[in-house]
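Chemist: Supplied in structure tokens, the structure appears directly below.
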Amino acid sequence: MIRAATPADVPALTVLIQRSARELSRGFYTDRETESAITHVFGVDSSLVADGTYYIVESADTFAACGGWSRRRSLYGGDQRPVGEPAELLNPANDAARIRAFFVAPEFARKGMGRLLLTHCSAAAVAAGFTALELMATLPGVPFYAALGFREVEAVRDILPDGVALPFVRMARRLDGTTFESDATGAHA
Ligand SMILES: CC(C)(COP(=O)(O)OP(=O)(O)OC[C@H]1O[C@@H](n2cnc3c(N)ncnc32)[C@H](O)[C@@H]1OP(=O)(O)O)[C@@H](O)C(=O)NCCC(=O)NCCS
């Protein structure tokens, strides 16, 4: 079952996010990079919770996964270190909706939770008038988003406050069946 997260869920979501990052980043990030990301980047962005666009996949009485989308400019980051302009609303006519902070519990990995969340978020973004999605993928996220039709836009390194240079990949996907190459305006974000 998917439901919108509420402020009361944030402590349990924080535990889920940290478990997911520690287990599922192995082989993609070093332990130092993962711990730095947990401190400075990975976490709940409460503006999505307030907007009703951050979701929890529940299985029995446990949280199997969380993730969301956003109509606001910020591309990534949790409450501990907002990146970008979280308050600025995007324009569906010109901007891509953001896909934000997907984290799957390790015991539910590769069971379609991420795909389920992306389908849910895409439908909500389309209903809000958006025709494209954009996100900042972690390295574990890259093969997942590539499998779901996203293309890589650019490799990025975020220098975190402790000096760790964390690699990410900005990725994008259209929602209207066209490709960026066939989009005459070239506008996707
Ligand atoms: C990235 C993540 C969200 C994927 O979630 P998931 O529920 O395991 O993904 P799904 O089961 O829906 O996978 C869908 C498809 O993506 C691809 N995929 C997912 N994880 C993959 C991996 N580690 N390696 C290669 N392909 C992968 C596969 O094609 C998969 O289909 P298949 O299982 O039928 O082969 C999850 O690994 C995660 O939480 N990682 C840690 C946190 C993180 O970095 N999140 C991304 C934030 S941008």
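Chains: A, B, ... in order of the structure tokens. Residues: from 1 per chain. Ligands: from 1, in order shown.
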Can you list, as a ChimeraX atom specification, all residues belonging to range 28-141 of chain A that DSSP tags as helix (DSSP H, G or I)?
Modeler: /A:31-40,46-51,106-108,113-127,141
Chemist: Now that the selection is made, can you save its residues with C-alpha atoms as a short mmCIF file (atom, residue, chain, number, x, y, z; two decimals), in the first residue's frame?
Modeler:
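Final file, out38.cif:
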data_model
loop_
_atom_site.label_atom_id
_atom_site.label_comp_id
_atom_site.auth_asym_id
_atom_site.auth_seq_id
_atom_site.Cartn_x
_atom_site.Cartn_y
_atom_site.Cartn_z
CA ASP A 31 31.81 3.79 3.66
CA ARG A 32 33.17 7.32 4.25
CA GLU A 33 31.13 8.69 1.35
CA THR A 34 27.98 6.94 2.58
CA GLU A 35 28.36 8.19 6.15
CA SER A 36 29.04 11.71 4.92
CA ALA A 37 25.97 11.54 2.65
CA ILE A 38 23.83 10.34 5.58
CA THR A 39 25.04 13.29 7.65
CA HIS A 40 24.75 15.98 5.00
CA SER A 46 9.82 18.23 4.96
CA SER A 47 8.61 20.52 2.17
CA LEU A 48 7.59 17.40 0.20
CA VAL A 49 5.80 15.98 3.25
CA ALA A 50 3.96 19.29 3.64
CA ASP A 51 3.05 19.22 -0.07
CA PRO A 106 17.42 -3.57 2.17
CA GLU A 107 15.16 -6.62 2.66
CA PHE A 108 12.80 -5.26 -0.03
CA MET A 113 9.32 -1.09 -4.78
CA GLY A 114 11.29 1.59 -6.60
CA ARG A 115 9.40 0.93 -9.83
CA LEU A 116 6.08 1.16 -7.96
CA LEU A 117 7.04 4.50 -6.41
CA LEU A 118 8.20 5.90 -9.74
CA THR A 119 4.94 4.90 -11.43
CA HIS A 120 2.98 6.57 -8.61
CA CYS A 121 5.08 9.76 -8.73
CA SER A 122 4.97 9.94 -12.54
CA ALA A 123 1.19 9.69 -12.57
CA ALA A 124 0.90 12.45 -9.96
CA ALA A 125 3.33 14.70 -11.88
CA VAL A 126 1.40 14.14 -15.13
CA ALA A 127 -1.86 14.95 -13.32
CA GLY A 141 20.29 4.98 -8.28
#
Chemist: Among chain A, which residues carry a DSSP assignment of strand (DSSP E or B), reported as a short mmCIF file (atom, residue, chain, number, x, y, z; two decimals) with N, CA and C atoms, in the first residue's frame?
Modeler:
data_model
loop_
_atom_site.label_atom_id
_atom_site.label_comp_id
_atom_site.auth_asym_id
_atom_site.auth_seq_id
_atom_site.Cartn_x
_atom_site.Cartn_y
_atom_site.Cartn_z
N ILE A 2 0.51 2.22 -0.85
CA ILE A 2 1.24 3.49 -0.85
C ILE A 2 0.36 4.55 -0.20
N ARG A 3 0.99 5.34 0.67
CA ARG A 3 0.26 6.47 1.25
C ARG A 3 1.21 7.65 1.38
N ALA A 4 0.63 8.84 1.49
CA ALA A 4 1.45 10.04 1.68
C ALA A 4 2.03 10.05 3.09
N ARG A 26 26.66 -0.11 -0.90
CA ARG A 26 27.91 -0.88 -0.96
C ARG A 26 28.25 -1.20 -2.41
N TYR A 29 29.48 3.50 -3.33
CA TYR A 29 30.16 4.54 -2.55
C TYR A 29 31.04 3.86 -1.50
N TYR A 54 5.39 13.16 -0.76
CA TYR A 54 6.38 12.17 -0.33
C TYR A 54 5.62 10.96 0.19
N TYR A 55 5.96 9.79 -0.32
CA TYR A 55 5.13 8.61 -0.10
C TYR A 55 5.88 7.50 0.64
N ILE A 56 5.10 6.65 1.28
CA ILE A 56 5.63 5.47 1.97
C ILE A 56 4.95 4.25 1.36
N VAL A 57 5.76 3.22 1.03
CA VAL A 57 5.19 1.92 0.66
C VAL A 57 5.23 1.07 1.92
N GLU A 58 4.03 0.66 2.37
CA GLU A 58 3.95 -0.16 3.58
C GLU A 58 3.71 -1.62 3.20
N SER A 59 4.38 -2.50 3.93
CA SER A 59 4.15 -3.93 3.76
C SER A 59 3.89 -4.49 5.15
N THR A 62 5.36 -2.68 8.32
CA THR A 62 6.68 -2.06 8.22
C THR A 62 6.76 -1.17 6.98
N PHE A 63 7.71 -0.24 7.02
CA PHE A 63 7.96 0.63 5.89
C PHE A 63 8.92 -0.09 4.94
N ALA A 64 8.45 -0.38 3.73
CA ALA A 64 9.29 -1.08 2.74
C ALA A 64 10.11 -0.09 1.91
N ALA A 65 9.57 1.09 1.70
CA ALA A 65 10.27 2.05 0.85
C ALA A 65 9.64 3.43 1.02
N CYS A 66 10.41 4.45 0.64
CA CYS A 66 9.86 5.81 0.60
C CYS A 66 10.45 6.54 -0.60
N GLY A 67 9.74 7.55 -1.04
CA GLY A 67 10.21 8.34 -2.18
C GLY A 67 9.12 9.30 -2.59
N GLY A 68 9.49 10.28 -3.38
CA GLY A 68 8.47 11.24 -3.76
C GLY A 68 8.83 12.03 -4.99
N TRP A 69 7.98 13.02 -5.26
CA TRP A 69 8.22 13.94 -6.36
C TRP A 69 7.95 15.33 -5.84
N SER A 70 8.40 16.32 -6.59
CA SER A 70 8.24 17.68 -6.11
C SER A 70 7.94 18.64 -7.24
N ARG A 72 8.69 21.72 -6.66
CA ARG A 72 9.58 22.82 -6.24
C ARG A 72 10.97 22.63 -6.81
N LEU A 89 8.31 27.48 -6.67
CA LEU A 89 7.46 26.53 -7.39
C LEU A 89 7.88 26.45 -8.86
N ALA A 97 9.30 18.23 -13.37
CA ALA A 97 9.05 17.89 -11.97
C ALA A 97 10.26 17.13 -11.42
N ARG A 98 10.48 17.24 -10.13
CA ARG A 98 11.62 16.56 -9.50
C ARG A 98 11.19 15.21 -8.94
N ILE A 99 12.03 14.20 -9.12
CA ILE A 99 11.90 12.93 -8.41
C ILE A 99 12.88 13.00 -7.25
N ARG A 100 12.40 12.67 -6.02
CA ARG A 100 13.20 12.96 -4.84
C ARG A 100 13.29 11.78 -3.87
N ALA A 101 14.50 11.53 -3.43
CA ALA A 101 14.77 10.71 -2.23
C ALA A 101 14.05 9.36 -2.19
N PHE A 102 14.37 8.50 -3.17
CA PHE A 102 13.85 7.13 -3.15
C PHE A 102 14.78 6.27 -2.28
N PHE A 103 14.23 5.60 -1.30
CA PHE A 103 15.03 4.71 -0.45
C PHE A 103 14.21 3.45 -0.16
N VAL A 104 14.80 2.30 -0.48
CA VAL A 104 14.12 1.02 -0.29
C VAL A 104 14.80 0.28 0.86
N ALA A 132 7.85 16.24 -18.00
CA ALA A 132 9.20 15.68 -17.87
C ALA A 132 9.56 15.56 -16.40
N LEU A 133 10.52 14.68 -16.14
CA LEU A 133 11.02 14.47 -14.78
C LEU A 133 12.52 14.70 -14.77
N GLU A 134 13.02 15.19 -13.66
CA GLU A 134 14.46 15.36 -13.51
C GLU A 134 14.84 14.96 -12.09
N LEU A 135 16.06 14.51 -11.90
CA LEU A 135 16.49 14.09 -10.57
C LEU A 135 18.01 14.11 -10.48
N MET A 136 18.49 14.09 -9.25
CA MET A 136 19.91 13.91 -9.00
C MET A 136 20.08 12.51 -8.44
N ALA A 137 20.64 11.63 -9.26
CA ALA A 137 20.75 10.22 -8.86
C ALA A 137 22.02 9.99 -8.05
N ARG A 151 17.71 9.29 -18.91
CA ARG A 151 19.03 9.38 -19.53
C ARG A 151 19.91 10.27 -18.67
N GLU A 152 21.21 10.02 -18.75
CA GLU A 152 22.16 10.80 -17.96
C GLU A 152 22.35 12.18 -18.59
N VAL A 153 22.26 13.24 -17.78
CA VAL A 153 22.44 14.61 -18.26
C VAL A 153 23.85 15.09 -17.97
N GLU A 154 24.30 14.92 -16.73
CA GLU A 154 25.68 15.32 -16.39
C GLU A 154 26.11 14.65 -15.09
N ALA A 155 27.42 14.41 -15.00
CA ALA A 155 28.00 13.92 -13.75
C ALA A 155 28.31 15.14 -12.88
N VAL A 156 28.03 15.01 -11.59
CA VAL A 156 28.16 16.13 -10.66
C VAL A 156 28.91 15.65 -9.43
N ARG A 157 29.75 16.51 -8.85
CA ARG A 157 30.33 16.20 -7.53
C ARG A 157 29.91 17.30 -6.56
N ASP A 158 29.31 16.89 -5.46
CA ASP A 158 28.91 17.84 -4.43
C ASP A 158 29.96 17.79 -3.33
N ILE A 159 30.61 18.92 -3.06
CA ILE A 159 31.61 18.98 -1.99
C ILE A 159 30.86 19.19 -0.67
N ALA A 165 33.90 14.67 -1.56
CA ALA A 165 33.35 15.07 -2.87
C ALA A 165 32.45 13.93 -3.34
N LEU A 166 31.15 14.09 -3.15
CA LEU A 166 30.21 12.98 -3.40
C LEU A 166 29.73 13.01 -4.85
N PRO A 167 30.00 11.91 -5.62
CA PRO A 167 29.53 11.91 -7.01
C PRO A 167 28.04 11.60 -7.13
N PHE A 168 27.38 12.33 -8.00
CA PHE A 168 25.99 12.12 -8.37
C PHE A 168 25.89 12.19 -9.89
N VAL A 169 24.73 11.80 -10.42
CA VAL A 169 24.48 11.96 -11.86
C VAL A 169 23.09 12.59 -12.02
N ARG A 170 23.06 13.75 -12.69
CA ARG A 170 21.75 14.36 -12.98
C ARG A 170 21.12 13.59 -14.13
N MET A 171 19.85 13.23 -13.98
CA MET A 171 19.19 12.41 -14.99
C MET A 171 17.80 13.00 -15.29
N ALA A 172 17.28 12.67 -16.48
CA ALA A 172 15.98 13.24 -16.89
C ALA A 172 15.24 12.26 -17.78
N ARG A 173 13.95 12.45 -17.81
CA ARG A 173 13.08 11.60 -18.64
C ARG A 173 11.82 12.37 -19.02
N ARG A 174 11.37 12.22 -20.23
CA ARG A 174 10.10 12.83 -20.61
C ARG A 174 8.94 11.92 -20.16
#
Chemist: Could you check the closest approach to ligand 1 for each of A:Pro92, A:Gly84, A:Pro140, A:Pro7 and tell me which residue wins, using only C-alpha atoms and all ligand atoms?
Modeler: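 Counting only C-alpha atoms and all ligand atoms, the residue closest to ligand 1 is A:Pro140.
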Chemist: Here is a test: counting only C-alpha atoms and all ligand atoms, which residue of A:Ile17, A:Ala96, A:Leu160, A:Leu90 is nearest to ligand 1?
Modeler: A:Ile17
Chemist: Using only C-alpha atoms and all ligand atoms, which of the listed residues (A:Val10, A:Ala105, A:Leu175, A:Ala60) sits closest to ligand 1?
Modeler: A:Ala105
